[in-house]
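Presented below is the structure to which this report refers.
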Amino acid sequence: MHAQIPDFDMPADAEVQAAADAFRMLSDKNRIKILLALLQGESSVNCLAELIDASPSVVSQHLAKLRLAGLVNVRREGTFAYYAAANSHVQRLLTEALSHADHAANRVDSTVQHRHRADA
């Protein structure tokens with residue numbers, strides 16, 4: 001006998017796969033750092049490389065993956081490329097992920113009223 005959840009429609013496989021792909025992209029700390037930097041504004045590969053203390057080629061590889069997952073956009077100006085977070089969903093996704101990490105690391109009881117970093 002299966003328990004049924006009333007009024008629940010399972011998302012399409014394509015949507016679930018896109019979500020899994022996005023989470024896979026967030027499984028690397030450097031990609032998270034890159035996205036956090038890009039949420040502050042547009043940036044070049046070299047600036048991002050300096051910010052996260054990685055080589056430009058490593059950052060380029062991360063950006064290519066993030067772009068394929070739809071998490072970043074690129075704007076070309078002459079020979080330069082400038083990257084930005086794709087949309088506000090990226091910010092909400094990272095905010096929730098970091099909030100979850102904070103709760104897990106500090107063993108926050110979610111039934112007790114508390115403040116989040118963004119609320120301060």
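Residue numbering restarts at 1 for every chain of the structure tokens, chains are lettered A, B, ... in their displayed order, and ligands are numbered from 1 as they appear.
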
* To do: Can you list, as a PyMOL selection string, all residues belonging to chain A that DSSP tags as strand (DSSP E or B)?
  => chain A and resi 43+72-77+80-85

Okay, now the selection with N, CA and C atoms, as a compact mmCIF listing (two decimals), in the first residue's frame?
```txt
# COMPACT_ATOMS: atom_id res chain seq x y z
N SER A 43 32.12 40.43 -13.68
CA SER A 43 33.56 40.31 -13.46
C SER A 43 34.22 39.56 -14.60
N VAL A 72 25.37 31.15 -14.97
CA VAL A 72 26.05 32.41 -15.30
C VAL A 72 25.81 32.75 -16.76
N ASN A 73 25.92 34.04 -17.03
CA ASN A 73 25.85 34.56 -18.41
C ASN A 73 27.18 35.22 -18.73
N VAL A 74 27.48 35.33 -20.01
CA VAL A 74 28.70 36.00 -20.43
C VAL A 74 28.35 37.11 -21.41
N ARG A 75 29.07 38.21 -21.27
CA ARG A 75 28.93 39.33 -22.20
C ARG A 75 30.31 39.60 -22.77
N ARG A 76 30.39 39.63 -24.09
CA ARG A 76 31.68 39.87 -24.74
C ARG A 76 31.77 41.32 -25.18
N GLU A 77 32.94 41.87 -24.93
CA GLU A 77 33.22 43.24 -25.35
C GLU A 77 34.61 43.23 -25.96
N PHE A 80 37.42 40.84 -24.63
CA PHE A 80 37.19 40.55 -23.21
C PHE A 80 35.82 39.90 -23.00
N ALA A 81 35.76 39.05 -21.97
CA ALA A 81 34.51 38.41 -21.58
C ALA A 81 34.22 38.78 -20.13
N TYR A 82 32.98 39.17 -19.89
CA TYR A 82 32.54 39.53 -18.55
C TYR A 82 31.40 38.61 -18.15
N TYR A 83 31.51 38.08 -16.96
CA TYR A 83 30.54 37.10 -16.48
C TYR A 83 29.67 37.72 -15.39
N ALA A 84 28.45 37.22 -15.30
CA ALA A 84 27.50 37.66 -14.28
C ALA A 84 26.61 36.48 -13.90
N ALA A 85 26.06 36.54 -12.69
CA ALA A 85 25.08 35.53 -12.28
C ALA A 85 23.89 35.62 -13.23
```

Give me, as a tab-separated table, the closest atom pair and its distance (Å, one decimal) for every residue of segment 55-105 of chain A within a cut-off of 9 Å of segment 11-33 of chain A, counting only C-alpha atoms, rows sorted by chain and rising number.
```
residue	atom	partner	partner_atom	distance
A:Val59	CA	A:Asn30	CA	8.3
A:His62	CA	A:Arg31	CA	6.2
A:Leu63	CA	A:Arg31	CA	7.8
A:Lys65	CA	A:Met25	CA	7.2
A:Leu66	CA	A:Met25	CA	6.5
A:Ala69	CA	A:Ala22	CA	6.0
A:Gly70	CA	A:Ala22	CA	8.0
A:Leu71	CA	A:Ala22	CA	7.5
A:Leu94	CA	A:Ile32	CA	7.7
```

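We find atom CA of Ala54 of chain A and atom CA of Leu68 of chain A to be spaced 20.6 Å apart.
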